[in-house]
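Notes to accompany the following structure.
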Amino acid sequence: MIRFENVTKKYSGTKRPAIDSMDLEVARGEFVFLVGASGSGKSTCLRLILKEEKPSSGSVFVLGNDLGSISSRKVPYFRRNVGVVFQDFRLLPNKTVFQNVAFTLQVIGKSRGYVQEAVPDVLKMVGLETKADRLPHELSGGEQQRVAIARAVVNKPQVLLADEPTGNLDPATSAGIMQILERINAGGTTVLMATHEAGIVDKMQRRVIELVDGVIVRDEREGGYGTTGVVPELKPAVAKGQSAKSAREEVREAAAEADAETKAHQILISSPDAAATAPAATRSAPVNDTADTEVASNATGAISLPRPEATSDLTEHLSLAERLGLRGTVDPETGDEQNVGPVK
Ligand SMILES: Nc1ncnc2c1ncn2[C@@H]1O[C@H](COP(=O)(O)OP(=O)(O)OP(=O)(O)O)[C@@H](O)[C@H]1O
């Protein structure tokens with residue numbers, strides 16, 4: 001149904017590819033989560049499937065079409081079979097719920113009779129049959145997303161792509177959206193959903209594909225959000241003289257920052273109120289128990305802070321800086337930093 005063959009996508013003006021030599025196969029009727037840190041290539045994957053972007057090399061096949069050879073005249077017809085839902089809903093603000101959903105059908109030339117029948121049906125499916133005459137701004141976020149889903153599936157596409165569909169919603173509302181997506185999938189539609197929401201992925205236990213820097217690092221049949229997160233490989237570069245001096249400054253700054261972070265961390269731990277108002281990435285960063293993973297990146301790209309006791313003196317701060325690649329080896333006899341340089 002969807003197949004990537006050695007697909008690389010490099011946007012112009014960027015150094016590394018957004019998708020790197022990817023092979024992927026999704027069968028009819030599957031429900032697939034695409035997870036990974038911000039910038040790992042999830043949206044690019046979805047855009048390639050929709051033919052909004054072209055691969056730099058390799059081939060994308062969707063619903064039996066080789067997207068590399070499909071004529072531009074045929075693209076709109078191809079897209080009729082691929083519904084899309086976005087994080088920010090993208091409803092037409094001056095049209096009612098009914099009109100927003102009907103719009104999809106009118107664009108593809110469905111008869112008035114068909115529209116009058118199909119729209120109430122799909123609004124019922126998403127639980128909005130009583131709100132057909134409302135304008136988007138008269139709806140909650142969850143309701144707006146339900147309209148967007150209704151619009152995406154009203155013409156019964158074979159594939160539904162959802163890019164962070166619950167990104168703007170609270171957990172309870174998100175659960176309702178996921179029930180709707182499950183129902184749509186149960187009806188035979190293949191669903192691909194990019195998400196950062198670990199709770200949702202863990203609960204659903206569906207296929208999970210995890211991306212890191214445009215590469216699939218995990219493809220699990222019934223997976224959870226997981227914590228594959230890769231520790232960035234940072235090597236100290238060799239530098240001498242002035243740059244070594246400035247690198248030493250960076251080491252000290254890193255140490256001072258680590259100290260500040262440690263204090264913040266202590267405040268978070270001692271004050272539940274402060275924790276409640278902390279940024280999500282800070283709250284969700286896992287605390288690792290093994291010394292070797294004090295500085296680790298989790299799947300959301302958040303750096304988990306070293307435990308407070310691990311950074312209780314300057315030596316430990318410098319060790320943190322060393323792990324970050326800001327500090328090179330120290331000559332054991334003189335104590336001088338021999339090979340010091342900033343992260344490359
Ligand atoms: N139009 C573009 N032009 C140049 N670079 C782009 C473009 N779109 C995406 N990128 C780059 O491609 C990489 C992958 O981006 P993409 O949006 O696919 O990631 P993502 O995993 O969906 O991220 P997020 O979770 O933040 O939405 C990133 O490095 C991003 O900066």
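Letters A, B, ... go to the chains of the structure tokens in the order shown; residues in each chain start at 1; ligands are counted from 1 in the same order.
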Write as a ChimeraX atom specification the residues around ligand 1, taking 8 Å as the cut-off and counting only C-alpha atoms and all ligand atoms. /A:10-14,16-19,35-45,163-164,194-196,211,213-214
Keeping only N, CA and C atoms, write the selected residues to a file as a tab-separated table (two decimals), in the first residue's frame.
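Output below, filename out14.tsv:
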chain	number	residue	atom	x	y	z
A	10	LYS	N	16.54	15.44	0.68
A	10	LYS	CA	17.40	16.50	1.20
A	10	LYS	C	16.80	17.82	0.72
A	11	TYR	N	16.43	18.67	1.65
A	11	TYR	CA	15.89	19.98	1.26
A	11	TYR	C	17.04	20.85	0.79
A	12	SER	N	16.74	21.74	-0.18
A	12	SER	CA	17.84	22.58	-0.66
A	12	SER	C	18.30	23.51	0.45
A	13	GLY	N	19.59	23.73	0.48
A	13	GLY	CA	20.16	24.63	1.49
A	13	GLY	C	20.39	23.95	2.84
A	14	THR	N	20.14	22.65	2.93
A	14	THR	CA	20.40	21.96	4.21
A	14	THR	C	21.60	21.02	4.04
A	16	ARG	N	22.25	18.05	5.93
A	16	ARG	CA	22.01	16.60	5.98
A	16	ARG	C	20.57	16.30	5.55
A	17	PRO	N	20.38	15.10	5.02
A	17	PRO	CA	19.03	14.77	4.54
A	17	PRO	C	18.01	14.68	5.66
A	18	ALA	N	16.78	15.06	5.35
A	18	ALA	CA	15.68	14.93	6.32
A	18	ALA	C	15.25	13.47	6.41
A	19	ILE	N	15.35	12.75	5.28
A	19	ILE	CA	15.11	11.31	5.22
A	19	ILE	C	16.32	10.70	4.53
A	35	VAL	N	7.24	8.02	15.30
A	35	VAL	CA	7.71	8.78	16.46
A	35	VAL	C	9.16	9.19	16.24
A	36	GLY	N	9.61	10.12	17.06
A	36	GLY	CA	10.99	10.59	16.94
A	36	GLY	C	11.06	12.04	17.36
A	37	ALA	N	12.27	12.48	17.66
A	37	ALA	CA	12.48	13.85	18.12
A	37	ALA	C	12.05	14.85	17.05
A	38	SER	N	11.87	16.07	17.47
A	38	SER	CA	11.56	17.14	16.53
A	38	SER	C	12.68	17.20	15.49
A	39	GLY	N	12.29	17.25	14.22
A	39	GLY	CA	13.30	17.34	13.16
A	39	GLY	C	13.80	15.98	12.69
A	40	SER	N	13.23	14.90	13.22
A	40	SER	CA	13.74	13.57	12.83
A	40	SER	C	13.20	13.12	11.47
A	41	GLY	N	12.21	13.84	10.93
A	41	GLY	CA	11.76	13.52	9.57
A	41	GLY	C	10.34	12.99	9.46
A	42	LYS	N	9.56	13.04	10.53
A	42	LYS	CA	8.21	12.47	10.51
A	42	LYS	C	7.32	13.17	9.48
A	43	SER	N	7.27	14.50	9.57
A	43	SER	CA	6.39	15.25	8.65
A	43	SER	C	6.87	15.09	7.21
A	44	THR	N	8.17	15.04	7.03
A	44	THR	CA	8.71	14.87	5.67
A	44	THR	C	8.23	13.55	5.09
A	45	CYS	N	8.23	12.52	5.93
A	45	CYS	CA	7.72	11.21	5.51
A	45	CYS	C	6.28	11.33	5.01
A	163	ASP	N	-0.79	14.31	11.15
A	163	ASP	CA	0.46	14.89	11.63
A	163	ASP	C	0.21	15.58	12.97
A	164	GLU	N	0.60	14.94	14.05
A	164	GLU	CA	0.40	15.46	15.41
A	164	GLU	C	-1.05	15.87	15.65
A	194	ALA	N	1.94	10.74	12.89
A	194	ALA	CA	3.17	11.25	13.50
A	194	ALA	C	2.81	11.84	14.85
A	195	THR	N	3.55	11.50	15.86
A	195	THR	CA	3.20	12.02	17.19
A	195	THR	C	4.39	12.06	18.14
A	196	HIS	N	4.25	12.94	19.15
A	196	HIS	CA	5.21	13.02	20.25
A	196	HIS	C	4.58	12.47	21.53
A	211	LEU	N	12.08	7.31	14.23
A	211	LEU	CA	13.10	7.93	13.37
A	211	LEU	C	14.10	8.71	14.21
A	213	ASP	N	17.16	11.33	12.98
A	213	ASP	CA	17.85	11.97	11.85
A	213	ASP	C	17.49	11.33	10.50
A	214	GLY	N	16.22	11.10	10.30
A	214	GLY	CA	15.76	10.60	9.00
A	214	GLY	C	16.02	9.13	8.76
7 Å contact set for Gln158 (chain A), only C-alpha atoms, chain neighbours under 3 positions out, as a ChimeraX atom specification: /A:81-82,189-190
Write the selection just made, keeping C-alpha atoms, as a compact mmCIF listing (two decimals), in the first residue's frame?
# COMPACT_ATOMS: atom_id res chain seq x y z
CA ASN A 81 -7.52 8.57 -1.67
CA VAL A 82 -5.30 10.10 1.00
CA THR A 189 -8.48 2.76 6.33
CA THR A 190 -4.70 2.62 6.70
If you count only C-alpha atoms, which residues fall within 9 Å of Ile184 (chain A), apart from same-chain ones fewer than 6 positions away, as a list of chain:residue names? A:Val153, A:Leu160, A:Thr190, A:Val191
Please produce a file of those selected residues containing C-alpha atoms, as a short mmCIF file (atom, residue, chain, number, x, y, z; two decimals), in the first residue's frame.
data_model
loop_
_atom_site.label_atom_id
_atom_site.label_comp_id
_atom_site.auth_asym_id
_atom_site.auth_seq_id
_atom_site.Cartn_x
_atom_site.Cartn_y
_atom_site.Cartn_z
CA VAL A 153 -12.48 10.92 5.71
CA LEU A 160 -5.33 8.72 6.46
CA THR A 190 -4.70 2.62 6.70
CA VAL A 191 -3.63 5.23 9.28
#
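Going from CA of Val147 (chain A) to CA of Ile49 (chain A) covers 22.8 Å.
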Can you pull out every residue within 7 Å of Glu129 (chain A), counting only C-alpha atoms, but drop anything in the same chain fewer than 4 positions away, and send it as a VMD selection string? chain A and resid 120 123 to 124
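Excluding Asn94 (chain A) and any residue on its chain fewer than 4 positions from it, the residues at most 12 Å away by only C-alpha atoms are A:Arg90, A:Phe98, A:Gln99, A:Asn100, A:Asp133, A:Arg134, A:Leu135, A:Pro136, A:His137, A:Glu138.
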Selected residues, N, CA and C atoms, written as a CSV table (one decimal), in the first residue's frame, please.
chain,number,residue,atom,x,y,z
A,90,ARG,N,-6.8,23.5,10.6
A,90,ARG,CA,-6.9,24.1,9.3
A,90,ARG,C,-8.3,24.1,8.7
A,98,PHE,N,-20.8,21.9,8.9
A,98,PHE,CA,-21.3,21.1,7.7
A,98,PHE,C,-20.6,21.6,6.4
A,99,GLN,N,-20.5,22.9,6.2
A,99,GLN,CA,-19.9,23.4,5.0
A,99,GLN,C,-18.4,23.0,4.9
A,100,ASN,N,-17.7,23.0,6.1
A,100,ASN,CA,-16.3,22.6,6.0
A,100,ASN,C,-16.1,21.1,5.5
A,133,ASP,N,-24.2,23.4,12.4
A,133,ASP,CA,-24.4,24.8,12.0
A,133,ASP,C,-23.4,25.7,12.7
A,134,ARG,N,-22.6,25.2,13.5
A,134,ARG,CA,-21.6,26.0,14.2
A,134,ARG,C,-20.5,26.5,13.3
A,135,LEU,N,-19.9,27.6,13.7
A,135,LEU,CA,-18.7,28.0,13.0
A,135,LEU,C,-17.5,27.5,13.8
A,136,PRO,N,-16.3,27.3,13.2
A,136,PRO,CA,-15.2,26.7,13.9
A,136,PRO,C,-14.9,27.4,15.2
A,137,HIS,N,-15.0,28.8,15.3
A,137,HIS,CA,-14.6,29.5,16.5
A,137,HIS,C,-15.6,29.2,17.6
A,138,GLU,N,-16.7,28.6,17.3
A,138,GLU,CA,-17.7,28.3,18.3
A,138,GLU,C,-17.6,26.9,18.9
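If you measure from each of A:Val159, A:Ile70, A:Val122, A:Ile200 to Asn185 (chain A) using only C-alpha atoms, the closest one turns out to be A:Val159.
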How would you write, as a PyMOL selection string, the set of residues in region 25-185 of chain A that DSSP gives as alpha helix (DSSP H)? chain A and resi 42-49+75-79+97-107+112-125+141-153+171-185
Residues from the last selection, C-alpha atoms, saved as a PDB file, in the first residue's frame:
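Resulting contents of selection-v9.pdb:
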ATOM      1  CA  LYS A  42       8.214  12.466  10.514  1.00  0.00           C
ATOM      2  CA  SER A  43       6.387  15.246   8.649  1.00  0.00           C
ATOM      3  CA  THR A  44       8.709  14.874   5.672  1.00  0.00           C
ATOM      4  CA  CYS A  45       7.722  11.206   5.509  1.00  0.00           C
ATOM      5  CA  LEU A  46       4.039  12.146   5.421  1.00  0.00           C
ATOM      6  CA  ARG A  47       4.663  14.864   2.825  1.00  0.00           C
ATOM      7  CA  LEU A  48       6.455  12.366   0.593  1.00  0.00           C
ATOM      8  CA  ILE A  49       3.481   9.992   0.825  1.00  0.00           C
ATOM      9  CA  VAL A  75      -1.949  14.117  -8.522  1.00  0.00           C
ATOM     10  CA  PRO A  76      -5.297  15.590  -7.362  1.00  0.00           C
ATOM     11  CA  TYR A  77      -7.024  12.305  -8.210  1.00  0.00           C
ATOM     12  CA  PHE A  78      -4.366  10.366  -6.332  1.00  0.00           C
ATOM     13  CA  ARG A  79      -4.807  12.644  -3.295  1.00  0.00           C
ATOM     14  CA  VAL A  97     -19.068  22.567  10.399  1.00  0.00           C
ATOM     15  CA  PHE A  98     -21.337  21.142   7.697  1.00  0.00           C
ATOM     16  CA  GLN A  99     -19.854  23.378   5.007  1.00  0.00           C
ATOM     17  CA  ASN A 100     -16.279  22.571   6.041  1.00  0.00           C
ATOM     18  CA  VAL A 101     -16.940  18.874   5.613  1.00  0.00           C
ATOM     19  CA  ALA A 102     -19.072  19.295   2.489  1.00  0.00           C
ATOM     20  CA  PHE A 103     -16.300  21.322   0.885  1.00  0.00           C
ATOM     21  CA  THR A 104     -14.160  18.205   0.284  1.00  0.00           C
ATOM     22  CA  LEU A 105     -16.999  16.551  -1.576  1.00  0.00           C
ATOM     23  CA  GLN A 106     -17.942  19.646  -3.561  1.00  0.00           C
ATOM     24  CA  VAL A 107     -14.348  20.088  -4.736  1.00  0.00           C
ATOM     25  CA  ARG A 112     -25.825  17.725  -3.836  1.00  0.00           C
ATOM     26  CA  GLY A 113     -27.788  14.621  -2.886  1.00  0.00           C
ATOM     27  CA  TYR A 114     -24.589  12.731  -2.081  1.00  0.00           C
ATOM     28  CA  VAL A 115     -23.312  15.625   0.044  1.00  0.00           C
ATOM     29  CA  GLN A 116     -26.608  15.860   1.951  1.00  0.00           C
ATOM     30  CA  GLU A 117     -26.341  12.198   2.848  1.00  0.00           C
ATOM     31  CA  ALA A 118     -22.623  11.739   3.426  1.00  0.00           C
ATOM     32  CA  VAL A 119     -21.936  14.781   5.612  1.00  0.00           C
ATOM     33  CA  PRO A 120     -24.486  14.002   8.377  1.00  0.00           C
ATOM     34  CA  ASP A 121     -23.232  10.407   8.384  1.00  0.00           C
ATOM     35  CA  VAL A 122     -19.639  11.373   8.978  1.00  0.00           C
ATOM     36  CA  LEU A 123     -20.579  14.073  11.519  1.00  0.00           C
ATOM     37  CA  LYS A 124     -22.426  11.389  13.437  1.00  0.00           C
ATOM     38  CA  MET A 125     -19.370   9.155  13.305  1.00  0.00           C
ATOM     39  CA  GLY A 141     -10.207  22.399  20.067  1.00  0.00           C
ATOM     40  CA  GLY A 142     -11.213  18.749  20.255  1.00  0.00           C
ATOM     41  CA  GLU A 143     -14.408  19.452  18.338  1.00  0.00           C
ATOM     42  CA  GLN A 144     -12.493  21.375  15.691  1.00  0.00           C
ATOM     43  CA  GLN A 145     -10.155  18.437  15.277  1.00  0.00           C
ATOM     44  CA  ARG A 146     -13.155  16.133  14.909  1.00  0.00           C
ATOM     45  CA  VAL A 147     -14.455  18.350  12.108  1.00  0.00           C
ATOM     46  CA  ALA A 148     -11.033  18.164  10.465  1.00  0.00           C
ATOM     47  CA  ILE A 149     -11.092  14.371  10.721  1.00  0.00           C
ATOM     48  CA  ALA A 150     -14.632  14.247   9.328  1.00  0.00           C
ATOM     49  CA  ARG A 151     -13.495  16.396   6.418  1.00  0.00           C
ATOM     50  CA  ALA A 152     -10.481  14.146   5.825  1.00  0.00           C
ATOM     51  CA  VAL A 153     -12.484  10.922   5.710  1.00  0.00           C
ATOM     52  CA  PRO A 171      -5.178  14.128  27.295  1.00  0.00           C
ATOM     53  CA  ALA A 172      -8.901  13.420  27.708  1.00  0.00           C
ATOM     54  CA  THR A 173      -9.789  15.123  24.427  1.00  0.00           C
ATOM     55  CA  SER A 174      -6.872  13.368  22.740  1.00  0.00           C
ATOM     56  CA  ALA A 175      -8.219  10.013  23.908  1.00  0.00           C
ATOM     57  CA  GLY A 176     -11.515  10.813  22.164  1.00  0.00           C
ATOM     58  CA  ILE A 177      -9.661  11.679  18.957  1.00  0.00           C
ATOM     59  CA  MET A 178      -7.722   8.415  19.152  1.00  0.00           C
ATOM     60  CA  GLN A 179     -10.961   6.462  19.517  1.00  0.00           C
ATOM     61  CA  ILE A 180     -12.200   8.060  16.322  1.00  0.00           C
ATOM     62  CA  LEU A 181      -8.963   7.254  14.493  1.00  0.00           C
ATOM     63  CA  GLU A 182      -9.174   3.662  15.742  1.00  0.00           C
ATOM     64  CA  ARG A 183     -12.726   3.411  14.464  1.00  0.00           C
ATOM     65  CA  ILE A 184     -11.683   4.756  11.072  1.00  0.00           C
ATOM     66  CA  ASN A 185      -8.844   2.217  10.985  1.00  0.00           C
TER      67      ASN A 185
END
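Rounded to one decimal, CA of Gly58 (chain A) and CA of Leu24 (chain A) lie 11.6 Å from each other.
CA of Val215 (chain A) is positioned 7.3 Å from CA of Ser21 (chain A).
Minimum distance to Lys156 (chain A) across A:Met204, A:Lys54, A:Val32, A:Arg80 (counting only C-alpha atoms) occurs at A:Arg80.
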Show me, as an NGL selection string, the residues that have an atom within 6 Å of region 219-228 of chain A when counting only C-alpha atoms, minus same-chain residues fewer than 2 positions from it. :A and (198 or 201-202 or 205-209 or 298-299)
